[in-house]
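A.B. asks: Can you read through this structure? Questions will come right after.
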Amino acid sequence: MISLHVNGKVYQVDVSNDTPLLWVLRDALNLKGTKYSCGIGECGSCTVHIDGKAVRSCTISVGEVQRKKIITIEGLPENHPVKQAWIKEQVPQCGYCQPGVIMQVAALLSQKAPLNADQVIAKMDDVICRCGTYPRIKKGIETAIQMTKREVKKS
Amino acid sequence: MTRRAFLKSSLAAAGLTIGVSVTPFGPRLLNASEIDSFSPNAFFKITPDNKIAIFVANSEMGQGVLTALSMIIAEELEADWKQLRVRQAPAGDEYKNPLLGAQVVGGSTSVRGFYEPMRKAGAAGRAVLIKAAAETWKVPEDECKAFNCAVKHAKSGRTLTYGQLCLKAAKLQIPQEPPLKNEKDFRYIGKSMPRVDLPEKVSGKAVFGLDMALKDLHYAVIARPPAFGAKPLSYDEKRAEQIKGVQKVLSVPMGIAVCAKSTSAALKGRDALKVKWDKGVFPDLDNDYLEKSLMEDLNKPGKSVVNTGEANKAIREANKKIEATYYAPYVAHATMEPMNCTAYVGNDRCEVWAPTQAQTDAREAASKVSGLPKEKVNVYTTSMGCGLGRRLTPDFVSEAVTISKAVGKPVKVMWTREEDIKYDVFRAPCSHRIEAGLDAQGQLVGWSHKLVSPSIGGVKDGIDFFCLWGLADAPDSPMWNNRIQYEIPNLSIEFLISSLLPPVSFWRSVQNGPNAFVIESFVDELAHAAGKDPLEFRLQSLKNNMRARRVLETVAEKVGWGKAIPKGEGRGIAQHACFGTWTAQVAEISVNKKDGTIKVHRIVAAVDCGPVVNPDPLIAQIEGGIIISLSTALKEEVKFSNGGVKSSNFNDYKILKMSETPEIEVHIVKSTEKMGGIGEVGVPAATPAVANAFFNATGVRIRRIPLTPNIVMDALKKV
């Protein structure tokens with residue numbers, strides 16, 4: 001039995017240590033927002049947060065993430081600035097890669113030293129979008145940063 | 001749930017239901033009792049809570065079709081957008097696309113094929129709701145006005161909501177020719193409306209094919225031959241079955257399937273098979289062979305497709321004669337969601353959940369493999385992670401049905417990324433030889449073109465127009481105008497089918513993509529030979545083609561055509577018409593002559609697609625088309641070796657990334673012409689615009705895509 005801490009809940013799953021986290025999230029925990037696309041950490045569709053960092057869940061085993069805090073797209077609040085910005089800028093086309101893209105951006109925006117839009121955009125080659133939403137992803141990043149700043153001001 | 005059960009449950013609640021079924025004789029509007037027998041392409045239901053549910057049969061692939069078709073209905077229905085719920089309808093017998101004659105999403109036909117039928121359906125709803133209100137109040141209908149889900153009688157100040165009227169309206173006869181709104185009064189059509197499918201795509205809740213969850217679902221992966229036609233020599237079935245979770249190993253037509261309780265167990269089981277394969281039917285097949293074969297075929301006689309005037313004579317007698325050969329390679333779809341399908345074959349029914357663009361074909365495939373008649377096969381369309389044309393081929397459906405039938409359980413077949421690339425049905429490669437003649441004034445007088453390509457489908461008298469799209473089109477093609485736009489007095493086009501082994505099929509914009517690269521690169525060569533500006537040269541052979549002229553003139557103006565650009569940079573222009581839409585693009589690039597890399601700085605595009613339903617997703621479609629085109633212009637080529645596909649994943653089949661994406665400007669040319677397609681039309685012009693910009697920057701013409709650093713360095717060295 002493996003114990004996993006996902007989106008604030010603790011799950012016990014009966015899988016071997018070397019099983020990729022992606023398949024446990026999808027098949028065992030039914031958290032299907034995290035997508036399979038390449039299986040080798042090249043495309044970023046399976047990106048989740050592990051202790052706050054963006055990680056490709058297809059190339060990390062469940063054994064490596066026990067006792068770590070895992071957040072998936074389902075665990076990112078619906079009013080999160082990146083999710084809101086993605087609607088405002090109408091970013092997705094087919095939408096398949098977007099959970100991974102959103103998690104990548106959300107992790108970059110939550111770093112202690114705040115990044116500006118160009119610095120975030122410079123780290124976006126970790127994710128691939130075949131529909132070609134890159135121009136909208138750029139706009140989404142800029143809008144999410146503005147929203148985050150506004151939230152900080154409010155609080 | 002069966003399709004019929006779905007319809008029943010959707011129709012069960014009391015309310016006003018109107019459907020539209022598109023027949024070869026025009027749209028037929030349906031009431032609730034007819035919907036079950038005449039599967040509608042779309043239907044809506046207004047319930048007493050004043051809510052409207054719209055069901056659309058066209059596949060949503062990210063192009064925004066659910067939203068666009070709902071906007072058209074809402075416009076004529078005078079619906080309140082906030083009261084709408086839009087859902088994808090399951091596959092039925094006759095959800096046929098009026099332009100394609102089957103339930104299929106391809107050829108950029110969804111919005112233009114359904115524009116008029118959807119308007120009529122909405123207008124019929126408005127008409128019966130107004131009639132119901134007028135009868136209630138005993139006032140003339142023309143004193144009543146519908147707006148935002150309510151009918152108002154201005155004279156008496158009375159209002160009834162659609163919710164209050166729907167039960168009475170449901171009893172009235174649905175008019176087949178309801179009056180349509182004046183286009184001046186449109187409040188949804190032509191305005192950017194947010195996509196209805198986006199909230200769940202952002203929250204992660206959208207259900208794609210791979211996300212299907214069913215009780216007792218089994219997961220299957222297939223070990224497939226590494227070379228074309230290879231057969232298994234041996235494999236360790238026992239070892240695979242010892243893996244925890246593996247349920248069954250079975251031989252299927254496409255390889256050896258491992259069926260398990262989880263995806264990871266299925267994958268482990270497949271590894272454990274350790275299959276040994278023979279060398280296949282053609283072990284020497286590799287990229288060199290494929291390219292050489294296509295180029296050599298240019299020397300064989302082809303079949304005449306177009307022959308107007310006397311091309312050979314005109315070229316022979318021309319002041320200047322120019323000749324060139326071109327090549328475009330195999331390209332993969334590489335949709336982000338790999339191929340997959342979930343199926344359950346029971347005793348007397350077969351259920352299929354598939355990310356498919358072609359429900360009619362999927363249903364036929366499932367019927368054939370399951371042995372059940374089509375009436376007992378239901379196909380449900382899931383969300384799909386890109387379509388790009390790959391999901392028109394139902395190979396993944398046949399597999400899931402085969403395995404489910406064999407194990408008697410619901411089965412999800414998943415292709416890994418490696419399989420998705422290796423067993424793709426690729427964009428067809430092609431070779432071209434063109435000769436053209438210019439008169440003393442630099443005017444194009446003759447053009448003789450030979451194209452060789454493997455057949456994509458639909459060969460008639462030795463001609464496959466899918467391969468020719470962009471150059472020549474079938475006389476009765478519904479796609480409209482997929483032909484060379486230039487006014488050429490003497491034009492000859494020949495075609496030859498190549499018999500190369502790797503399978504090919506439809507790829508976004510079909511062969512308009514590679515053919516536009518060839519035509520527009522060669523036109524640039526002609527402009528250079530004529531000593532003319534590339535824009536001026538194009539316009540002089542498009543004297544009567546107002547739509548082509550307007551898009552060219554628009555991009556030229558927006559980009560500042562003719563203004564100087566920094567040294568080392570280049571600017572290129574191209575135009576292309578396809579699927580009833582006209583486009584032009586300008587690319588601005590720079591070339592690093594030390595390492596051969598090309599940086600695309602900016603693409604400016606102009607589009608004339610006639611009336612626009614939803615502008616923002618339309619612009620997104622053009623942006624996406626440009627980006628995938630740049631990807632094929634700069635990076636993509638499937639590698640073959642040892643008789644099979646060598647490319648395997650995104651590490652060796654690279655596609656365009658964020659840092660390689662230029663600034664993109666899209667200008668929609670206001671137009672009242674016939675509505676054209678959008679999903680595919682952004683693709684063709686971007687590639688030749690870049691190739692022409694490369695020539696502008698370096699003085700070197702590359703007649704082969706992709707313009708990779710190696711190919712660029714070789715070309716620069718040759719000079």
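Every chain in the structure tokens has a letter given in the order shown (A, B, ...), and although residue numbers restart at 1 in each chain, ligands are simply numbered from 1 in the order shown.
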Write out as an MDAnalysis selection string each polymer residue whose atoms come within 8 Å of Ala54 in chain A, counting only C-alpha atoms; drop sequence neighbours fewer than 3 positions from it.

C.D. replies: chainID A and resid 47:50 103:104 107:108

A.B. asks: Which residues of chain B sit at most 8 Å from chain A, using only C-alpha atoms? Give each one's shortest atom pair and distance in Å (one decimal place), in chain and ascending residue order, as CSV.

C.D. replies:
residue,atom,partner,partner_atom,distance
B:Glu60,CA,A:Cys94,CA,7.7
B:Met61,CA,A:Cys94,CA,5.1
B:Gly62,CA,A:Cys94,CA,3.6
B:Gln63,CA,A:Gln93,CA,6.3
B:Gly64,CA,A:Gln93,CA,7.5
B:Pro194,CA,A:Gln90,CA,6.9
B:Arg195,CA,A:Gln90,CA,7.4
B:Leu198,CA,A:Pro92,CA,6.8
B:Pro199,CA,A:Ile87,CA,6.8
B:Lys201,CA,A:Gly95,CA,5.3
B:Val202,CA,A:Lys83,CA,6.1
B:Ser203,CA,A:Glu74,CA,6.5
B:Gly204,CA,A:Gly33,CA,4.2
B:Lys205,CA,A:Gly33,CA,6.1
B:Ala206,CA,A:Gly33,CA,7.6
B:Phe208,CA,A:Tyr96,CA,7.7
B:Asp211,CA,A:Lys32,CA,5.9
B:Ser262,CA,A:Asp27,CA,6.5
B:Thr263,CA,A:Trp23,CA,6.7
B:Ser264,CA,A:Trp23,CA,6.3
B:Ala334,CA,A:Arg130,CA,7.6
B:Thr335,CA,A:Arg130,CA,6.4
B:Met336,CA,A:Ser37,CA,5.8
B:Glu337,CA,A:Ser37,CA,5.7
B:Pro338,CA,A:Ser37,CA,6.4
B:Ser383,CA,A:Cys94,CA,7.8
B:Met384,CA,A:Cys94,CA,6.5
B:Gly385,CA,A:Tyr96,CA,4.8
B:Cys386,CA,A:Cys94,CA,5.5
B:Thr416,CA,A:Cys38,CA,7.2
B:Arg417,CA,A:Cys38,CA,5.1
B:Glu418,CA,A:Cys38,CA,7.8
B:Ala620,CA,A:Thr133,CA,7.4
B:Glu623,CA,A:Gly132,CA,6.8
B:Gly624,CA,A:Gly132,CA,4.2
B:Gly625,CA,A:Gly132,CA,7.3
B:Ile627,CA,A:Gly132,CA,5.4
B:Ile628,CA,A:Gly132,CA,6.6
B:Asn649,CA,A:Cys38,CA,6.6
B:Phe650,CA,A:Glu42,CA,6.2
B:Asn651,CA,A:Glu42,CA,6.5
B:Ile655,CA,A:Arg130,CA,7.8
B:Leu656,CA,A:Ile128,CA,7.8
B:Lys657,CA,A:Asp125,CA,5.7
B:Met658,CA,A:Asp125,CA,5.6
B:Ser659,CA,A:Asp125,CA,6.5
B:Thr661,CA,A:Tyr134,CA,7.1
B:Glu663,CA,A:Pro135,CA,7.5
B:Ile664,CA,A:Pro135,CA,7.6

A.B. asks: Once you have the residues from the selection above, write them out as a tab-separated table (two decimals), in the first residue's frame, restricted to N, CA and C atoms.

C.D. replies:
chain	number	residue	atom	x	y	z
B	60	GLU	N	-16.87	18.61	-31.41
B	60	GLU	CA	-16.10	19.76	-30.94
B	60	GLU	C	-14.64	19.32	-30.82
B	61	MET	N	-13.76	19.98	-31.59
B	61	MET	CA	-12.34	19.62	-31.55
B	61	MET	C	-11.50	20.80	-31.10
B	62	GLY	N	-12.18	21.82	-30.58
B	62	GLY	CA	-11.45	23.02	-30.20
B	62	GLY	C	-11.68	24.15	-31.17
B	63	GLN	N	-12.45	23.86	-32.23
B	63	GLN	CA	-12.71	24.89	-33.25
B	63	GLN	C	-13.88	25.78	-32.85
B	64	GLY	N	-14.58	25.41	-31.77
B	64	GLY	CA	-15.67	26.26	-31.29
B	64	GLY	C	-16.99	26.01	-31.98
B	194	PRO	N	-18.00	34.02	-25.80
B	194	PRO	CA	-17.10	33.05	-25.16
B	194	PRO	C	-17.51	31.62	-25.47
B	195	ARG	N	-16.55	30.75	-25.65
B	195	ARG	CA	-16.84	29.35	-25.99
B	195	ARG	C	-17.52	28.64	-24.84
B	198	LEU	N	-15.39	25.93	-22.82
B	198	LEU	CA	-14.12	26.26	-22.15
B	198	LEU	C	-14.10	26.08	-20.64
B	199	PRO	N	-15.18	26.45	-19.90
B	199	PRO	CA	-15.07	26.29	-18.45
B	199	PRO	C	-14.63	24.88	-18.02
B	201	LYS	N	-12.98	22.77	-19.79
B	201	LYS	CA	-11.64	22.48	-20.29
B	201	LYS	C	-10.58	23.16	-19.42
B	202	VAL	N	-10.97	24.20	-18.72
B	202	VAL	CA	-10.05	24.88	-17.80
B	202	VAL	C	-10.07	24.22	-16.42
B	203	SER	N	-11.23	23.72	-16.02
B	203	SER	CA	-11.31	23.10	-14.69
B	203	SER	C	-10.72	21.70	-14.68
B	204	GLY	N	-10.53	21.11	-15.86
B	204	GLY	CA	-10.02	19.73	-15.95
B	204	GLY	C	-11.14	18.71	-15.98
B	205	LYS	N	-12.39	19.18	-16.03
B	205	LYS	CA	-13.51	18.23	-15.95
B	205	LYS	C	-13.96	17.69	-17.31
B	206	ALA	N	-13.51	18.29	-18.40
B	206	ALA	CA	-13.94	17.81	-19.72
B	206	ALA	C	-13.55	16.34	-19.89
B	208	PHE	N	-12.42	13.62	-22.19
B	208	PHE	CA	-11.85	13.25	-23.49
B	208	PHE	C	-11.96	11.73	-23.63
B	211	ASP	N	-10.41	9.65	-21.08
B	211	ASP	CA	-10.91	9.83	-19.72
B	211	ASP	C	-12.15	9.00	-19.43
B	262	SER	N	-5.50	-2.11	-15.29
B	262	SER	CA	-5.09	-0.70	-15.25
B	262	SER	C	-4.18	-0.43	-16.44
B	263	THR	N	-4.01	0.85	-16.77
B	263	THR	CA	-3.15	1.21	-17.89
B	263	THR	C	-1.72	0.76	-17.62
B	264	SER	N	-1.25	1.01	-16.39
B	264	SER	CA	0.15	0.69	-16.12
B	264	SER	C	0.40	-0.81	-16.18
B	334	ALA	N	0.22	13.83	-34.81
B	334	ALA	CA	0.67	14.07	-33.43
B	334	ALA	C	-0.35	14.89	-32.64
B	335	THR	N	-1.61	14.47	-32.66
B	335	THR	CA	-2.61	15.13	-31.82
B	335	THR	C	-2.21	14.94	-30.37
B	336	MET	N	-2.50	15.92	-29.53
B	336	MET	CA	-2.03	15.83	-28.14
B	336	MET	C	-2.63	14.62	-27.43
B	337	GLU	N	-3.88	14.31	-27.70
B	337	GLU	CA	-4.47	13.09	-27.13
B	337	GLU	C	-4.22	11.96	-28.13
B	338	PRO	N	-3.44	10.95	-27.73
B	338	PRO	CA	-3.18	9.86	-28.69
B	338	PRO	C	-4.48	9.13	-29.03
B	383	SER	N	-15.07	14.54	-25.94
B	383	SER	CA	-14.17	15.65	-26.29
B	383	SER	C	-12.93	15.03	-26.91
B	384	MET	N	-12.26	15.79	-27.78
B	384	MET	CA	-11.07	15.20	-28.39
B	384	MET	C	-9.89	16.15	-28.35
B	385	GLY	N	-8.73	15.57	-28.02
B	385	GLY	CA	-7.50	16.35	-27.92
B	385	GLY	C	-6.88	16.51	-29.28
B	386	CYS	N	-7.35	17.50	-30.02
B	386	CYS	CA	-7.03	17.79	-31.42
B	386	CYS	C	-7.66	16.75	-32.35
B	416	THR	N	0.02	4.47	-27.12
B	416	THR	CA	1.04	5.33	-26.52
B	416	THR	C	1.43	6.37	-27.56
B	417	ARG	N	2.15	7.41	-27.12
B	417	ARG	CA	2.62	8.42	-28.07
B	417	ARG	C	3.44	7.77	-29.18
B	418	GLU	N	4.25	6.80	-28.81
B	418	GLU	CA	5.10	6.14	-29.81
B	418	GLU	C	4.23	5.48	-30.89
B	620	ALA	N	-8.59	32.58	-33.48
B	620	ALA	CA	-7.80	31.53	-32.82
B	620	ALA	C	-7.51	30.38	-33.79
B	623	GLU	N	-4.74	31.54	-36.11
B	623	GLU	CA	-3.47	31.51	-35.37
B	623	GLU	C	-2.94	30.08	-35.28
B	624	GLY	N	-3.83	29.17	-34.90
B	624	GLY	CA	-3.43	27.77	-34.76
B	624	GLY	C	-2.99	27.18	-36.08
B	625	GLY	N	-3.69	27.53	-37.16
B	625	GLY	CA	-3.32	27.04	-38.48
B	625	GLY	C	-1.95	27.54	-38.89
B	627	ILE	N	0.47	28.38	-36.83
B	627	ILE	CA	1.50	27.77	-35.97
B	627	ILE	C	1.82	26.35	-36.43
B	628	ILE	N	0.81	25.57	-36.76
B	628	ILE	CA	1.08	24.20	-37.20
B	628	ILE	C	1.78	24.23	-38.57
B	649	ASN	N	8.48	9.89	-30.72
B	649	ASN	CA	7.86	10.66	-29.65
B	649	ASN	C	8.27	12.12	-29.85
B	650	PHE	N	7.84	13.00	-28.96
B	650	PHE	CA	8.13	14.43	-29.13
B	650	PHE	C	9.61	14.76	-28.94
B	651	ASN	N	10.42	13.78	-28.51
B	651	ASN	CA	11.86	14.06	-28.42
B	651	ASN	C	12.55	13.93	-29.76
B	655	ILE	N	7.81	19.40	-32.54
B	655	ILE	CA	6.84	20.35	-33.07
B	655	ILE	C	7.11	21.73	-32.48
B	656	LEU	N	6.52	22.73	-33.10
B	656	LEU	CA	6.80	24.12	-32.71
B	656	LEU	C	6.44	24.38	-31.24
B	657	LYS	N	7.31	25.14	-30.59
B	657	LYS	CA	7.09	25.47	-29.18
B	657	LYS	C	6.87	26.97	-29.02
B	658	MET	N	6.56	27.34	-27.79
B	658	MET	CA	6.27	28.76	-27.47
B	658	MET	C	7.38	29.70	-27.94
B	659	SER	N	8.64	29.37	-27.63
B	659	SER	CA	9.73	30.31	-27.93
B	659	SER	C	9.94	30.47	-29.44
B	661	THR	N	7.39	30.64	-31.56
B	661	THR	CA	6.15	31.21	-32.12
B	661	THR	C	6.29	32.72	-32.33
B	663	GLU	N	5.06	36.72	-33.38
B	663	GLU	CA	3.89	37.57	-33.21
B	663	GLU	C	2.97	37.28	-34.40
B	664	ILE	N	1.69	37.13	-34.14
B	664	ILE	CA	0.74	36.85	-35.23
B	664	ILE	C	-0.37	37.88	-35.21

A.B. asks: For Gln146 in chain A, which residue out of A:Gly44, A:Ala113, A:Pro81, A:Gln12 is the nearest one, using only C-alpha atoms?

C.D. replies: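 Of the candidates, the smallest distance to Gln146 in chain A is held by A:Pro81.
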
A.B. asks: Could you list, as a list in words, every residue within 8 Å of Pro48 in chain B, counting only C-alpha atoms and ignoring same-chain residues fewer than 3 positions away?

C.D. replies: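 Returned residues: Ala14, Gly15, Lys51, Tyr162, Gly163, Gln164, Leu165, Cys166 and Leu167 of chain B.
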
A.B. asks: If we count only C-alpha atoms and set the cut-off at 6 Å, which residues sit around Pro410 in chain B, ignoring sequence neighbours fewer than 4 positions away in its own chain? Please answer as a list in words.

C.D. replies: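 My list of contacting residues is Leu217, Ala343, Tyr344 and Ser404 of chain B.
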
A.B. asks: Write the residues of the selection above to a file with C-alpha atoms, as a compact mmCIF listing (two decimals), in the first residue's frame.

C.D. replies:
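Saved as again_27.txt:
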# COMPACT_ATOMS: atom_id res chain seq x y z
CA LEU B 217 -13.45 -1.22 -17.50
CA ALA B 343 -16.06 -0.07 -26.52
CA TYR B 344 -18.43 -2.57 -25.04
CA SER B 404 -14.08 -6.03 -26.16
